[in-house]
Amino acid sequence: MADAFDLTGKIALITGASQGLGAGFAVTLARAGAKVALAARQTGKLAELQKQIEGAGGTAHAIAMDVTDAGSIRAAFDDAEAVLGPVDVLVNNAGIAIPKPFLELTEADWDAVLDTNLKGCFLAGQEAAKRMAGRHDGSTGGGSIINIASVLGLAPIGHLSSYCASKAGLIHLTKAMGLELARVGVRVNAIAPGYIETPMNSDFFHSPAGEKLIKGVPQRRLGQAEDLDGALLLLASDASRYMTGTVITVDGGFLLD
C-alpha cells in the first residue's frame, strides 16, 4: 500500500487547510511524500501547520487564498507554483455550514454557503484544471482534483438546507468535470464523508442530539479524520489513474440505514 500511494515528486494544494479536515489532509499527503501548499483565507494558523510538517521532514508552503475570489485563487496558484512547482493535486476542501431552519435561512446565509462550498470549488477547480491540462501531452502531465463533498449531498438532514444543496451540486459538478476533463488528463473525483469528528463539532456530537445521530450510523461510531486517509491517498496517487467522476463515500454505512 505504501508504494501504491507514494506521492514523492507530486505537488498538492489543499484549500481550507488551516484547521480540521484540511489540516489533516495536508499532513497525510506530506507524509506520503508530496510537497504541500497550504491555502486558507487567514494564514496565521497555517504557520504552525507548516512548522509541524517541516518538523516531520516534509515540505510545505503557506499561501493566502479566498476561494470565492478568482483573482485570489490565481495569485495563490502562482505563489504555490513559484515556490514548489506545478500543482499535480488539488484538494477542494474549503467549506462552511450555517445551521438554521429553512424558514429562517436568509439570502445572505445561502450565498455565503453556496459561494464557498460550490462556487469556490468551481473557481479553484477551473484554475487548477487549466494549468494541469496545459501540461498534458497525451501520455504525461494532467493531474487529480479531489472535491470534498458530503453524504448530506446524497441524503439531506434538517436545518442544513444550504449545506446539503451545495454538496449535492458539488457531487454533480464532480461528475461533469470528470466527463469533460478526462481527455486532457485531468481526473476529478470526490470524497463524501459521513459524520467525522473534528474540533469544531466534537461538543455537538457529545450532546444528546449528537449521540442520537451517531446511533443512526450502522457502525455506531463517529468517523475520525484518519478514516479518510485511504480514499484521499487513492485519489491523489496514480493508483486511481483509471478513476474519474467517482464519488467515494466514507460514512460507516450511514447511507445504508
# chains A, B, ... in the order shown; residues from 1 in each chain; ligands from 1
$ residues_around --residues "A:Phe102" --least-positions-apart "5" --cutoff "8 Å" --atoms "only C-alpha atoms" --output "PDB file with C-alpha atoms, in the first residue's frame"
ATOM      1  CA  HIS A 159     -31.524  22.637   9.398  1.00  0.00           C
ATOM      2  CA  LEU A 160     -28.741  22.372   6.801  1.00  0.00           C
ATOM      3  CA  SER A 161     -30.578  23.024   3.546  1.00  0.00           C
TER       4      SER A 161
END
$ closest_residue --among "A:Val186, A:Ile191, A:Val67, A:Asp257" --to "A:Tyr242" --atoms "only C-alpha atoms"
A:Val186
$ select_by_dssp --residues "stretch 4-227 of chain A" --states "alpha helix (DSSP H)" --output "PyMOL selection string"
chain A and resi 20-31+44-55+70-83+107-114+120-134+161-181+202-205+208-215
$ residues_around --residues "A:Leu123" --least-positions-apart "4" --cutoff "9 Å" --atoms "only C-alpha atoms" --output "PDB file with N, CA and C atoms, in the first residue's frame"
ATOM      1  N   VAL A  67     -11.381  31.385  -1.618  1.00  0.00           N
ATOM      2  CA  VAL A  67     -11.911  30.576  -2.715  1.00  0.00           C
ATOM      3  C   VAL A  67     -13.111  31.217  -3.406  1.00  0.00           C
ATOM      4  N   THR A  68     -13.643  32.296  -2.855  1.00  0.00           N
ATOM      5  CA  THR A  68     -14.755  32.987  -3.514  1.00  0.00           C
ATOM      6  C   THR A  68     -14.266  34.079  -4.459  1.00  0.00           C
ATOM      7  N   ASP A  69     -12.959  34.238  -4.580  1.00  0.00           N
ATOM      8  CA  ASP A  69     -12.359  35.312  -5.370  1.00  0.00           C
ATOM      9  C   ASP A  69     -11.403  34.716  -6.405  1.00  0.00           C
ATOM     10  N   ALA A  70     -11.770  34.799  -7.685  1.00  0.00           N
ATOM     11  CA  ALA A  70     -10.950  34.200  -8.739  1.00  0.00           C
ATOM     12  C   ALA A  70      -9.544  34.787  -8.783  1.00  0.00           C
ATOM     13  N   ILE A  73      -7.455  33.238  -6.045  1.00  0.00           N
ATOM     14  CA  ILE A  73      -7.111  31.854  -6.395  1.00  0.00           C
ATOM     15  C   ILE A  73      -5.957  31.831  -7.393  1.00  0.00           C
ATOM     16  N   LEU A 118     -19.599  25.627  -3.250  1.00  0.00           N
ATOM     17  CA  LEU A 118     -19.816  25.206  -4.632  1.00  0.00           C
ATOM     18  C   LEU A 118     -19.074  26.108  -5.625  1.00  0.00           C
ATOM     19  N   LYS A 119     -19.347  27.409  -5.554  1.00  0.00           N
ATOM     20  CA  LYS A 119     -18.639  28.323  -6.454  1.00  0.00           C
ATOM     21  C   LYS A 119     -17.132  28.262  -6.211  1.00  0.00           C
ATOM     22  N   GLU A 127      -9.241  26.782 -12.252  1.00  0.00           N
ATOM     23  CA  GLU A 127      -7.869  27.296 -12.307  1.00  0.00           C
ATOM     24  C   GLU A 127      -6.868  26.148 -12.337  1.00  0.00           C
ATOM     25  N   ALA A 128      -7.078  25.158 -11.466  1.00  0.00           N
ATOM     26  CA  ALA A 128      -6.178  24.006 -11.440  1.00  0.00           C
ATOM     27  C   ALA A 128      -6.228  23.248 -12.760  1.00  0.00           C
TER      28      ALA A 128
END
$ closest_residue --among "A:Pro99, A:Ala108, A:Val250, A:Gly178" --to "A:Gly230" --atoms "only C-alpha atoms"
A:Val250
$ select_by_dssp --residues "stretch 150-248 of chain A" --states "strand (DSSP E)" --output "PDB file with C-alpha atoms, in the first residue's frame"
ATOM      1  CA  VAL A 186      -7.274  15.651 -15.500  1.00  0.00           C
ATOM      2  CA  ARG A 187      -9.083  13.260 -13.167  1.00  0.00           C
ATOM      3  CA  VAL A 188     -11.842  14.673 -10.963  1.00  0.00           C
ATOM      4  CA  ASN A 189     -13.290  12.644  -8.105  1.00  0.00           C
ATOM      5  CA  ALA A 190     -14.979  13.343  -4.790  1.00  0.00           C
ATOM      6  CA  ILE A 191     -14.899  12.039  -1.257  1.00  0.00           C
ATOM      7  CA  ALA A 192     -18.225  12.166   0.572  1.00  0.00           C
ATOM      8  CA  PRO A 193     -17.507  11.888   4.310  1.00  0.00           C
ATOM      9  CA  VAL A 247     -17.780   9.711  -5.525  1.00  0.00           C
ATOM     10  CA  ILE A 248     -16.326   7.647  -2.679  1.00  0.00           C
TER      11      ILE A 248
END
$ closest_residue --among "A:Glu48, A:Asp111, A:Asp227, A:Asp88" --to "A:Ile146" --atoms "only C-alpha atoms"
A:Asp88
$ residues_around --residues "A:Asp137" --least-positions-apart "5" --cutoff "9 Å" --atoms "only C-alpha atoms" --output "ChimeraX atom specification"
/A:142,184-185
$ write_last_selection --atoms "N, CA and C atoms" --output "compact mmCIF listing (two decimals), in the first residue's frame"
# COMPACT_ATOMS: atom_id res chain seq x y z
N GLY A 142 -1.18 16.41 -16.79
CA GLY A 142 -2.50 16.29 -16.20
C GLY A 142 -2.43 16.38 -14.69
N VAL A 184 -8.08 15.56 -21.33
CA VAL A 184 -6.88 16.39 -21.17
C VAL A 184 -6.08 15.92 -19.96
N GLY A 185 -6.34 14.69 -19.52
CA GLY A 185 -5.51 14.08 -18.49
C GLY A 185 -5.80 14.52 -17.08
$ closest_residue --among "A:Val89, A:Ala94, A:Ile157, A:Met65" --to "A:Leu213" --atoms "only C-alpha atoms"
A:Ile157
$ residues_around --residues "A:Asp66" --least-positions-apart "6" --cutoff "9 Å" --atoms "only C-alpha atoms" --output "list of chain:residue names"
A:Thr15, A:Ala39, A:Ala40, A:Arg41, A:Gln42, A:Ser72, A:Ile73, A:Ala76, A:Thr116, A:Gly120
$ atom_distance --atom1 "atom CA of A:Ala56" --atom2 "atom CA of A:Arg31"
8.1 Å
$ atom_distance --atom1 "atom CA of A:Ser237" --atom2 "atom CA of A:Leu7"
6.2 Å
$ closest_residue --among "A:Ala129, A:Pro208, A:Asp78, A:Ser162" --to "A:Thr106" --atoms "only C-alpha atoms"
A:Ser162
$ closest_residue --among "A:Gly33, A:Pro156, A:Gly169, A:Gly20" --to "A:Phe122" --atoms "only C-alpha atoms"
A:Gly169
$ atom_distance --atom1 "atom CA of A:Leu103" --atom2 "atom CA of A:Asp251"
28.7 Å
